[in-house]
file structure-v9.cif (mmCIF, C-alpha atoms and all ligand atoms)
data_model
#
loop_
_atom_site.label_atom_id
_atom_site.label_comp_id
_atom_site.auth_asym_id
_atom_site.auth_seq_id
_atom_site.Cartn_x
_atom_site.Cartn_y
_atom_site.Cartn_z
CA MET A 1 -35.26 -77.19 -121.47
CA LYS A 2 -33.28 -74.05 -121.83
CA THR A 3 -29.65 -73.39 -122.66
CA ARG A 4 -27.76 -70.17 -122.68
CA GLU A 5 -25.73 -69.25 -125.68
CA TYR A 6 -22.71 -67.14 -124.93
CA ARG A 7 -20.97 -65.02 -127.44
CA GLU A 8 -17.37 -64.00 -127.07
CA TYR A 9 -18.14 -61.70 -124.15
CA SER A 10 -20.16 -62.48 -121.07
CA ASP A 11 -21.64 -59.01 -121.11
CA ASP A 12 -25.45 -59.08 -121.04
CA LYS A 13 -25.73 -57.32 -124.32
CA TYR A 14 -24.00 -60.27 -126.01
CA ARG A 15 -25.98 -62.92 -124.19
CA ARG A 16 -29.31 -64.35 -125.21
CA SER A 17 -31.43 -67.30 -124.14
CA VAL A 18 -32.32 -70.05 -126.57
CA TYR A 19 -35.04 -72.59 -126.00
CA THR A 20 -34.12 -75.95 -127.47
CA SER A 21 -37.64 -77.29 -127.15
CA THR A 22 -41.02 -76.03 -128.19
CA ARG A 23 -43.36 -75.16 -125.37
CA LEU A 24 -46.82 -76.47 -124.69
CA ARG A 25 -49.63 -74.98 -122.72
CA ASP A 26 -49.74 -76.53 -119.25
CA GLU A 27 -53.44 -76.26 -118.34
CA SER A 28 -52.87 -77.69 -114.86
CA ARG A 29 -51.28 -74.47 -113.64
CA ASN A 30 -51.99 -72.01 -116.43
CA ASP A 31 -48.38 -72.05 -117.53
CA VAL A 32 -46.19 -73.49 -120.25
CA ALA A 33 -44.42 -76.86 -120.27
CA PHE A 34 -41.47 -77.83 -122.41
CA ASP A 35 -42.42 -80.42 -124.99
CA VAL A 36 -39.22 -82.39 -124.45
CA ASN A 37 -39.87 -82.65 -120.70
CA VAL A 38 -43.37 -84.00 -121.25
CA ARG A 39 -41.94 -86.47 -123.78
CA MET A 40 -39.34 -87.63 -121.25
CA VAL A 41 -42.12 -88.44 -118.81
CA LEU A 42 -44.05 -90.21 -121.58
CA LEU A 43 -40.90 -92.21 -122.40
CA ALA A 44 -40.61 -93.33 -118.77
CA HIS A 45 -44.27 -94.40 -118.74
CA GLU A 46 -44.00 -96.26 -122.05
CA LEU A 47 -40.93 -98.15 -120.81
CA GLY A 48 -42.49 -98.85 -117.42
CA LEU A 49 -39.73 -96.88 -115.67
CA GLY A 50 -39.79 -94.42 -112.79
CA TYR A 51 -38.04 -91.18 -111.93
CA ALA A 52 -34.80 -92.79 -110.70
CA ALA A 53 -34.38 -94.74 -113.96
CA LEU A 54 -35.05 -91.60 -116.01
CA ARG A 55 -32.37 -89.74 -114.04
CA LYS A 56 -29.88 -92.47 -114.92
CA ILE A 57 -30.77 -92.31 -118.62
CA VAL A 58 -30.26 -88.54 -118.86
CA LYS A 59 -27.06 -88.78 -116.81
CA VAL A 60 -25.55 -91.32 -119.20
CA LEU A 61 -26.66 -89.27 -122.20
CA GLY A 62 -25.26 -86.09 -120.68
CA LEU A 63 -28.63 -84.34 -120.75
CA PRO A 64 -30.13 -82.11 -118.10
CA GLY A 65 -32.70 -84.00 -116.03
CA LEU A 66 -36.12 -83.07 -114.75
CA HIS A 67 -36.71 -81.97 -111.21
CA LEU A 68 -38.80 -84.48 -109.26
CA LYS A 69 -41.63 -81.96 -108.87
CA THR A 70 -41.68 -81.31 -112.64
CA TYR A 71 -41.68 -85.05 -113.30
CA GLN A 72 -44.61 -85.55 -110.92
CA ARG A 73 -46.58 -82.65 -112.38
CA HIS A 74 -46.14 -83.83 -115.97
CA GLY A 75 -46.77 -87.40 -114.78
CA LYS A 76 -50.33 -86.47 -113.83
CA THR A 77 -50.99 -84.81 -117.20
CA VAL A 78 -49.46 -87.69 -119.17
CA THR A 79 -51.35 -90.31 -117.15
CA ALA A 80 -54.68 -88.54 -117.75
CA ALA A 81 -53.94 -88.41 -121.51
CA GLU A 82 -52.94 -92.10 -121.52
CA ILE A 83 -56.15 -93.13 -119.76
CA GLU A 84 -58.21 -91.14 -122.26
CA ARG A 85 -56.32 -92.73 -125.17
CA ASP A 86 -56.76 -96.26 -123.74
CA LEU A 87 -60.48 -95.79 -123.12
CA GLU A 88 -60.95 -94.49 -126.65
CA SER A 89 -59.00 -97.45 -128.02
CA LEU A 90 -61.11 -99.92 -126.01
CA HIS A 91 -64.29 -98.27 -127.23
CA ARG A 92 -63.19 -98.69 -130.86
CA THR A 93 -62.20 -102.29 -130.18
CA ARG A 94 -65.62 -103.16 -128.77
CA GLU A 95 -67.29 -101.63 -131.82
CA GLN A 96 -65.11 -103.83 -134.02
CA VAL A 97 -66.04 -106.90 -131.98
CA ARG A 98 -69.75 -106.15 -132.29
CA GLN A 99 -69.36 -105.70 -136.04
CA ALA A 100 -67.38 -108.94 -136.32
CA TYR A 101 -70.17 -110.91 -134.59
CA ALA A 102 -72.77 -109.24 -136.80
CA ASP A 103 -70.77 -110.25 -139.88
CA ILE A 104 -70.92 -113.97 -139.02
CA ASP A 105 -74.33 -114.17 -137.34
CA ALA A 106 -77.47 -112.97 -139.16
CA ASP A 107 -79.45 -112.81 -135.88
CA VAL A 108 -76.87 -110.49 -134.31
CA ALA A 109 -76.81 -108.37 -137.48
CA GLU A 110 -80.62 -108.07 -137.36
CA LEU A 111 -80.52 -107.20 -133.64
CA LEU A 112 -77.93 -104.46 -134.19
CA ARG A 113 -79.86 -103.09 -137.19
CA GLU A 114 -82.89 -102.60 -134.95
CA ASP A 115 -80.88 -101.24 -132.04
CA ALA A 116 -77.21 -100.30 -132.46
CA ASP A 117 -76.76 -100.45 -128.67
CA ALA A 118 -78.38 -103.87 -128.21
CA VAL A 119 -76.64 -106.28 -125.83
CA ILE A 120 -74.99 -109.21 -127.59
CA ASN A 121 -73.40 -112.44 -126.32
CA ILE A 122 -69.72 -113.10 -126.94
CA SER A 123 -67.07 -115.64 -125.90
CA VAL A 124 -64.05 -114.36 -124.02
CA SER A 125 -60.74 -115.59 -122.75
CA PHE A 126 -59.92 -114.37 -119.26
CA ASP A 127 -56.64 -114.40 -117.41
CA GLY A 128 -54.98 -112.56 -114.59
CA THR A 129 -51.40 -111.83 -113.72
CA TRP A 130 -49.35 -109.94 -111.17
CA GLN A 131 -46.49 -107.48 -111.19
CA LYS A 132 -44.43 -109.90 -109.06
CA ARG A 133 -44.54 -113.66 -108.76
CA GLY A 134 -45.20 -115.58 -105.56
CA PHE A 135 -48.47 -113.95 -104.46
CA THR A 136 -46.75 -111.02 -102.77
CA SER A 137 -47.49 -108.46 -105.45
CA HIS A 138 -49.33 -105.27 -104.61
CA TYR A 139 -50.51 -104.96 -108.21
CA GLY A 140 -52.50 -107.33 -110.37
CA ILE A 141 -54.38 -107.16 -113.65
CA GLY A 142 -57.23 -109.15 -115.18
CA VAL A 143 -57.78 -109.09 -118.93
CA CYS A 144 -60.71 -110.11 -121.15
CA ILE A 145 -59.96 -110.99 -124.76
CA ASP A 146 -62.66 -111.68 -127.32
CA ILE A 147 -61.94 -115.19 -128.62
CA PHE A 148 -63.32 -114.61 -132.10
CA THR A 149 -61.31 -111.48 -132.99
CA GLY A 150 -58.45 -111.84 -130.50
CA LEU A 151 -58.94 -108.22 -129.39
CA VAL A 152 -58.64 -107.05 -125.79
CA ILE A 153 -62.04 -105.71 -124.80
CA ASP A 154 -61.60 -104.92 -121.12
CA PHE A 155 -59.09 -104.97 -118.30
CA GLU A 156 -59.02 -104.22 -114.61
CA VAL A 157 -55.93 -103.15 -112.69
CA LEU A 158 -56.00 -103.85 -108.97
CA SER A 159 -53.76 -102.24 -106.41
CA SER A 160 -53.58 -103.14 -102.74
CA TYR A 161 -51.08 -100.35 -102.08
CA CYS A 162 -51.10 -96.57 -102.08
CA HIS A 163 -47.75 -94.85 -101.62
CA ALA A 164 -49.30 -91.58 -100.42
CA CYS A 165 -51.28 -93.46 -97.73
CA ALA A 166 -48.16 -95.41 -96.72
CA LEU A 167 -46.22 -92.14 -96.25
CA LYS A 168 -49.03 -90.66 -94.17
CA GLU A 169 -49.25 -93.80 -92.02
CA ALA A 170 -45.48 -93.66 -91.46
CA ALA A 171 -45.77 -90.01 -90.44
CA ARG A 172 -48.56 -90.88 -88.04
CA HIS A 173 -46.47 -93.71 -86.59
CA GLU A 174 -43.66 -91.23 -85.94
CA GLY A 175 -46.09 -88.83 -84.31
CA LYS A 176 -45.61 -86.15 -86.98
CA ILE A 177 -49.32 -85.90 -87.81
CA THR A 178 -52.48 -86.65 -85.88
CA ASP A 179 -55.38 -88.98 -86.70
CA GLU A 180 -57.60 -85.94 -87.32
CA GLU A 181 -55.13 -84.53 -89.84
CA ILE A 182 -55.02 -87.84 -91.70
CA ASP A 183 -58.85 -88.07 -91.72
CA SER A 184 -59.15 -84.58 -93.13
CA TRP A 185 -56.45 -85.35 -95.74
CA ARG A 186 -58.30 -88.51 -96.80
CA GLU A 187 -61.42 -86.52 -97.66
CA THR A 188 -59.74 -85.10 -100.77
CA HIS A 189 -57.17 -87.86 -101.33
CA ASP A 190 -57.44 -89.77 -104.62
CA CYS A 191 -56.34 -93.15 -103.28
CA ALA A 192 -54.43 -95.58 -105.52
CA GLN A 193 -55.57 -98.58 -103.47
CA ASN A 194 -58.68 -100.09 -105.03
CA PHE A 195 -58.53 -103.56 -103.52
CA ARG A 196 -58.17 -105.04 -100.05
CA GLY A 197 -57.29 -108.70 -99.88
CA SER A 198 -54.64 -111.21 -100.85
CA SER A 199 -52.77 -111.10 -104.14
CA LYS A 200 -54.26 -114.48 -105.03
CA ALA A 201 -57.78 -113.09 -104.69
CA MET A 202 -57.04 -110.31 -107.19
CA GLU A 203 -57.74 -112.49 -110.23
CA GLN A 204 -61.24 -113.41 -109.03
CA GLU A 205 -61.99 -109.84 -108.07
CA ALA A 206 -60.88 -108.53 -111.48
CA ALA A 207 -63.15 -111.10 -113.20
CA LYS A 208 -66.07 -110.17 -110.96
CA ARG A 209 -65.72 -106.46 -111.70
CA MET A 210 -65.48 -106.96 -115.47
CA TRP A 211 -68.45 -109.32 -115.67
CA ALA A 212 -70.49 -107.01 -113.43
CA ARG A 213 -70.04 -104.03 -115.78
CA SER A 214 -70.03 -105.73 -119.19
CA VAL A 215 -73.71 -105.09 -119.93
CA SER A 216 -74.13 -101.63 -118.46
CA ARG A 217 -70.89 -100.23 -119.85
CA HIS A 218 -70.22 -102.22 -122.99
CA GLN A 219 -73.54 -103.79 -124.02
CA LEU A 220 -71.84 -107.20 -124.07
CA ARG A 221 -72.52 -110.47 -122.25
CA TYR A 222 -69.39 -112.58 -121.74
CA ILE A 223 -71.44 -115.73 -121.93
CA GLN A 224 -68.62 -118.19 -122.56
CA MET A 225 -65.49 -117.99 -120.46
CA LEU A 226 -62.21 -119.56 -121.37
CA SER A 227 -59.71 -119.50 -118.53
CA ASP A 228 -56.80 -121.50 -117.19
CA GLY A 229 -56.99 -124.57 -114.97
CA ASP A 230 -57.76 -122.56 -111.85
CA SER A 231 -61.55 -122.20 -111.85
CA ALA A 232 -61.71 -119.74 -108.94
CA ALA A 233 -62.46 -116.79 -111.22
CA PHE A 234 -65.17 -118.74 -113.04
CA ARG A 235 -66.81 -119.80 -109.76
CA GLU A 236 -66.78 -116.18 -108.63
CA VAL A 237 -68.47 -115.07 -111.88
CA VAL A 238 -71.11 -117.81 -111.61
CA SER A 239 -71.93 -116.85 -108.01
CA LEU A 240 -72.24 -113.24 -109.11
CA ASN A 241 -74.92 -114.24 -111.66
CA PRO A 242 -74.21 -111.15 -113.80
CA TYR A 243 -76.80 -111.93 -116.50
CA PRO A 244 -80.05 -113.22 -114.97
CA GLY A 245 -81.58 -115.68 -117.43
CA HIS A 246 -78.26 -116.20 -119.23
CA GLU A 247 -75.88 -118.80 -117.88
CA VAL A 248 -72.12 -118.24 -118.10
CA VAL A 249 -70.36 -121.44 -119.19
CA LYS A 250 -66.71 -122.37 -118.99
CA LEU A 251 -64.75 -123.39 -122.05
CA GLU A 252 -61.81 -125.73 -121.59
CA CYS A 253 -58.56 -124.82 -123.25
CA ILE A 254 -57.02 -127.90 -124.84
CA ASN A 255 -53.52 -126.69 -123.97
CA HIS A 256 -54.33 -126.31 -120.28
CA ALA A 257 -56.11 -129.70 -120.20
CA HIS A 258 -53.06 -131.19 -121.90
CA LYS A 259 -50.72 -129.58 -119.36
CA ARG A 260 -52.78 -130.74 -116.38
CA MET A 261 -52.98 -134.30 -117.71
CA GLY A 262 -49.23 -134.32 -118.37
CA THR A 263 -48.55 -133.18 -114.79
CA ALA A 264 -50.93 -135.80 -113.38
CA ILE A 265 -49.30 -138.62 -115.36
CA LYS A 266 -45.82 -137.58 -114.23
CA CYS A 267 -46.79 -137.60 -110.54
ZN ZN B 1 -54.22 -93.65 -100.68
#
call {"tool": "encode", "arguments": {"input": "structure-v9.cif", "output": "structure tokens"}}
result
Amino acid sequence: MKTREYREYSDDKYRRSVYTSTRLRDESRNDVAFDVNVRMVLLAHELGLGYAALRKIVKVLGLPGLHLKTYQRHGKTVTAAEIERDLESLHRTREQVRQAYADIDADVAELLREDADAVINISVSFDGTWQKRGFTSHYGIGVCIDIFTGLVIDFEVLSSYCHACALKEAARHEGKITDEEIDSWRETHDCAQNFRGSSKAMEQEAAKRMWARSVSRHQLRYIQMLSDGDSAAFREVVSLNPYPGHEVVKLECINHAHKRMGTAIKC
């Protein structure tokens, strides 16, 4: 962000530029980025807002806004930093969970003394949700929470939509680009769509992916699963058989059982 400070005369010799923000090194294009601009993008991400909302905020506040291209460029940098921060946070959380189990179970403590990376069994609560209600959402998330500590230990975000792909498909439909051009573009395209299927199936898929990677990535077996009344995710995990020789069992939540019984009595 840059403003110009004018003295009494508009002659160049009385004019000088003043930067109102410190500048950061922008590694993505070997250039500098204004700290305040990067922070504006971070603000939008933290509030779950997009470019249009950010434009409204700066308009109301009487501040200069970011160009869309600048917003998109900083968006990539900020997203990469956020992912790194989240992964680091999850790593620390899992270490805390392992320590917590070792503190209450002498066998686990002994196991971890012999091998700090040994696989241990834990009990988790699993649930999934969507960006929109009514099973029409393009985005869904599944979350695993360790029951003992209450800490989130893993999550999986599923997207059945990619805006870049949608724009290309629209262009193809209008005859602006050919199939060959799209195929060549796809070779280097980092697609946002990581799931094909119904919104309802997202919850099961998220569970399947997290159980499938729990041992190899986190050295944890989610051996007890607490989830809501819908057992579809549990059935999916059981059919996956993620831990040969170790059965995954379902825990019943008293609140969900209570709710289901209440509904049944009322009907
Ligand atoms: Zn795509």
call {"tool": "atom_distance", "arguments": {"input": "structure-v9.cif", "atom1": "CA of Leu151 in chain A", "atom2": "CA of Val97 in chain A"}}
result
7.7 Å
call {"tool": "residues_near_ligand", "arguments": {"input": "structure-v9.cif", "ligand": "ligand ZN 1 (chain B)", "cutoff": "7 Å", "atoms": "all atoms listed in the file", "output": "ChimeraX atom specification"}}
result
/A:162-165,189-193
call {"tool": "write_last_selection", "arguments": {"input": "structure-v9.cif", "atoms": "C-alpha atoms", "output": "PDB file, in the coordinates of the input"}}
result
ATOM      1  CA  CYS A 162     -51.100 -96.570-102.080  1.00  0.00           C
ATOM      2  CA  HIS A 163     -47.750 -94.850-101.620  1.00  0.00           C
ATOM      3  CA  ALA A 164     -49.300 -91.580-100.420  1.00  0.00           C
ATOM      4  CA  CYS A 165     -51.280 -93.460 -97.730  1.00  0.00           C
ATOM      5  CA  HIS A 189     -57.170 -87.860-101.330  1.00  0.00           C
ATOM      6  CA  ASP A 190     -57.440 -89.770-104.620  1.00  0.00           C
ATOM      7  CA  CYS A 191     -56.340 -93.150-103.280  1.00  0.00           C
ATOM      8  CA  ALA A 192     -54.430 -95.580-105.520  1.00  0.00           C
ATOM      9  CA  GLN A 193     -55.570 -98.580-103.470  1.00  0.00           C
TER      10      GLN A 193
END
call {"tool": "residues_around", "arguments": {"input": "structure-v9.cif", "residues": "Trp211 in chain A", "least_positions_apart": "5", "cutoff": "12 Å", "atoms": "all atoms listed in the file", "output": "CSV table (one decimal) with C-alpha atoms, keeping the file's coordinate frame"}}
result
chain,number,residue,atom,x,y,z
A,122,ILE,CA,-69.7,-113.1,-126.9
A,124,VAL,CA,-64.0,-114.4,-124.0
A,126,PHE,CA,-59.9,-114.4,-119.3
A,142,GLY,CA,-57.2,-109.2,-115.2
A,143,VAL,CA,-57.8,-109.1,-118.9
A,144,CYS,CA,-60.7,-110.1,-121.2
A,153,ILE,CA,-62.0,-105.7,-124.8
A,154,ASP,CA,-61.6,-104.9,-121.1
A,155,PHE,CA,-59.1,-105.0,-118.3
A,156,GLU,CA,-59.0,-104.2,-114.6
A,204,GLN,CA,-61.2,-113.4,-109.0
A,205,GLU,CA,-62.0,-109.8,-108.1
A,206,ALA,CA,-60.9,-108.5,-111.5
A,216,SER,CA,-74.1,-101.6,-118.5
A,217,ARG,CA,-70.9,-100.2,-119.8
A,218,HIS,CA,-70.2,-102.2,-123.0
A,219,GLN,CA,-73.5,-103.8,-124.0
A,220,LEU,CA,-71.8,-107.2,-124.1
A,221,ARG,CA,-72.5,-110.5,-122.2
A,222,TYR,CA,-69.4,-112.6,-121.7
A,223,ILE,CA,-71.4,-115.7,-121.9
A,224,GLN,CA,-68.6,-118.2,-122.6
A,225,MET,CA,-65.5,-118.0,-120.5
A,233,ALA,CA,-62.5,-116.8,-111.2
A,234,PHE,CA,-65.2,-118.7,-113.0
A,236,GLU,CA,-66.8,-116.2,-108.6
A,237,VAL,CA,-68.5,-115.1,-111.9
A,238,VAL,CA,-71.1,-117.8,-111.6
A,239,SER,CA,-71.9,-116.8,-108.0
A,240,LEU,CA,-72.2,-113.2,-109.1
A,241,ASN,CA,-74.9,-114.2,-111.7
A,242,PRO,CA,-74.2,-111.2,-113.8
A,243,TYR,CA,-76.8,-111.9,-116.5
A,248,VAL,CA,-72.1,-118.2,-118.1
call {"tool": "closest_residue", "arguments": {"input": "structure-v9.cif", "among": "A:Ser231, A:Ser17, A:Ser159, A:Gln72", "to": "Met40 in chain A", "atoms": "only C-alpha atoms"}}
result
A:Gln72
call {"tool": "atom_distance", "arguments": {"input": "structure-v9.cif", "atom1": "CA of Asp31 in chain A", "atom2": "CA of Gly75 in chain A"}}
result
15.7 Å
call {"tool": "residues_around", "arguments": {"input": "structure-v9.cif", "residues": "Leu111 in chain A", "least_positions_apart": "3", "cutoff": "12 Å", "atoms": "all atoms listed in the file", "output": "JSON list (two decimals) with C-alpha atoms, keeping the file's coordinate frame"}}
result
[["chain", "number", "residue", "atom", "x", "y", "z"],
["A", 98, "ARG", "CA", -69.75, -106.15, -132.29],
["A", 99, "GLN", "CA", -69.36, -105.70, -136.04],
["A", 101, "TYR", "CA", -70.17, -110.91, -134.59],
["A", 102, "ALA", "CA", -72.77, -109.24, -136.80],
["A", 103, "ASP", "CA", -70.77, -110.25, -139.88],
["A", 105, "ASP", "CA", -74.33, -114.17, -137.34],
["A", 106, "ALA", "CA", -77.47, -112.97, -139.16],
["A", 107, "ASP", "CA", -79.45, -112.81, -135.88],
["A", 108, "VAL", "CA", -76.87, -110.49, -134.31],
["A", 114, "GLU", "CA", -82.89, -102.60, -134.95],
["A", 115, "ASP", "CA", -80.88, -101.24, -132.04],
["A", 116, "ALA", "CA", -77.21, -100.30, -132.46],
["A", 117, "ASP", "CA", -76.76, -100.45, -128.67],
["A", 118, "ALA", "CA", -78.38, -103.87, -128.21],
["A", 119, "VAL", "CA", -76.64, -106.28, -125.83],
["A", 120, "ILE", "CA", -74.99, -109.21, -127.59],
["A", 121, "ASN", "CA", -73.40, -112.44, -126.32]]
call {"tool": "atom_distance", "arguments": {"input": "structure-v9.cif", "atom1": "CA of Gly128 in chain A", "atom2": "CA of Glu95 in chain A"}}
result
23.8 Å
call {"tool": "closest_residue", "arguments": {"input": "structure-v9.cif", "among": "A:Ser199, A:Glu174, A:Leu43, A:Thr70", "to": "Ile57 in chain A", "atoms": "all atoms listed in the file"}}
result
A:Leu43
call {"tool": "residues_around", "arguments": {"input": "structure-v9.cif", "residues": "Glu46 in chain A", "least_positions_apart": "4", "cutoff": "12 Å", "atoms": "all atoms listed in the file", "output": "ChimeraX atom specification"}}
result
/A:39-42,50,54,75,78-79,82
call {"tool": "write_last_selection", "arguments": {"input": "structure-v9.cif", "atoms": "C-alpha atoms", "output": "PDB file, in the frame of the given file"}}
result
ATOM      1  CA  ARG A  39     -41.940 -86.470-123.780  1.00  0.00           C
ATOM      2  CA  MET A  40     -39.340 -87.630-121.250  1.00  0.00           C
ATOM      3  CA  VAL A  41     -42.120 -88.440-118.810  1.00  0.00           C
ATOM      4  CA  LEU A  42     -44.050 -90.210-121.580  1.00  0.00           C
ATOM      5  CA  GLY A  50     -39.790 -94.420-112.790  1.00  0.00           C
ATOM      6  CA  LEU A  54     -35.050 -91.600-116.010  1.00  0.00           C
ATOM      7  CA  GLY A  75     -46.770 -87.400-114.780  1.00  0.00           C
ATOM      8  CA  VAL A  78     -49.460 -87.690-119.170  1.00  0.00           C
ATOM      9  CA  THR A  79     -51.350 -90.310-117.150  1.00  0.00           C
ATOM     10  CA  GLU A  82     -52.940 -92.100-121.520  1.00  0.00           C
TER      11      GLU A  82
END
call {"tool": "residues_around", "arguments": {"input": "structure-v9.cif", "residues": "range 58-65 of chain A", "least_positions_apart": "2", "cutoff": "12 Å", "atoms": "only C-alpha atoms", "output": "list in words"}}
result
Met1, Lys2, Thr3, Thr20, Val36, Asn37, Val38, Met40, Val41, Leu43, Ala44, Tyr51, Ala52, Ala53, Leu54, Arg55, Lys56, His67, Leu68, Lys69, Thr70 and Tyr71 of chain A
call {"tool": "closest_residue", "arguments": {"input": "structure-v9.cif", "among": "A:Asn194, A:Thr136, A:Ser227, A:Thr93", "to": "Val152 in chain A", "atoms": "only C-alpha atoms"}}
result
A:Thr93
call {"tool": "residues_near_point", "arguments": {"input": "structure-v9.cif", "point": "(-49.0, -115.3, -106.1)", "cutoff": "10 Å", "atoms": "all atoms listed in the file", "output": "PyMOL selection string"}}
result
chain A and resi 129-137+140+198-202
call {"tool": "decode", "arguments": {"input": "structure-v9.cif", "residues": "range 155-169 of chain A", "atoms": "N, CA, C and O atoms", "output": "short mmCIF file (atom, residue, chain, number, x, y, z; two decimals), in the first residue's frame"}}
result
data_model
loop_
_atom_site.label_atom_id
_atom_site.label_comp_id
_atom_site.auth_asym_id
_atom_site.auth_seq_id
_atom_site.Cartn_x
_atom_site.Cartn_y
_atom_site.Cartn_z
N PHE A 155 -8.31 -34.62 10.16
CA PHE A 155 -9.51 -34.21 9.44
C PHE A 155 -9.29 -34.41 7.95
O PHE A 155 -8.15 -34.50 7.49
N GLU A 156 -10.38 -34.51 7.24
CA GLU A 156 -10.30 -34.68 5.79
C GLU A 156 -11.35 -33.80 5.13
O GLU A 156 -12.54 -33.91 5.43
N VAL A 157 -10.90 -32.91 4.26
CA VAL A 157 -11.83 -32.03 3.55
C VAL A 157 -12.06 -32.62 2.16
O VAL A 157 -11.11 -32.95 1.46
N LEU A 158 -13.33 -32.77 1.80
CA LEU A 158 -13.65 -33.33 0.49
C LEU A 158 -14.35 -32.27 -0.36
O LEU A 158 -15.19 -31.52 0.13
N SER A 159 -13.94 -32.24 -1.61
CA SER A 159 -14.54 -31.29 -2.54
C SER A 159 -14.95 -32.01 -3.81
O SER A 159 -14.15 -32.73 -4.40
N SER A 160 -16.19 -31.83 -4.21
CA SER A 160 -16.64 -32.45 -5.46
C SER A 160 -16.69 -31.40 -6.58
O SER A 160 -17.31 -31.62 -7.60
N TYR A 161 -16.04 -30.26 -6.33
CA TYR A 161 -16.10 -29.16 -7.29
C TYR A 161 -14.74 -28.49 -7.45
O TYR A 161 -14.01 -28.34 -6.46
N CYS A 162 -14.42 -28.14 -8.68
CA CYS A 162 -13.20 -27.36 -8.92
C CYS A 162 -13.58 -26.20 -9.84
O CYS A 162 -14.07 -26.42 -10.96
N HIS A 163 -13.40 -25.00 -9.36
CA HIS A 163 -13.85 -23.83 -10.12
C HIS A 163 -13.08 -23.68 -11.43
O HIS A 163 -13.66 -23.35 -12.47
N ALA A 164 -11.78 -23.97 -11.38
CA ALA A 164 -10.95 -23.85 -12.60
C ALA A 164 -11.45 -24.83 -13.67
O ALA A 164 -11.57 -24.48 -14.85
N CYS A 165 -11.77 -26.07 -13.24
CA CYS A 165 -12.28 -27.07 -14.18
C CYS A 165 -13.63 -26.63 -14.75
O CYS A 165 -13.91 -26.80 -15.93
N ALA A 166 -14.48 -26.07 -13.86
CA ALA A 166 -15.81 -25.62 -14.29
C ALA A 166 -15.69 -24.53 -15.35
O ALA A 166 -16.43 -24.52 -16.35
N LEU A 167 -14.72 -23.61 -15.17
CA LEU A 167 -14.52 -22.54 -16.15
C LEU A 167 -14.05 -23.10 -17.49
O LEU A 167 -14.49 -22.68 -18.56
N LYS A 168 -13.14 -24.09 -17.40
CA LYS A 168 -12.63 -24.69 -18.64
C LYS A 168 -13.74 -25.44 -19.37
O LYS A 168 -13.83 -25.38 -20.60
N GLU A 169 -14.57 -26.16 -18.60
CA GLU A 169 -15.67 -26.91 -19.22
C GLU A 169 -16.65 -25.96 -19.90
O GLU A 169 -17.17 -26.24 -20.98
#
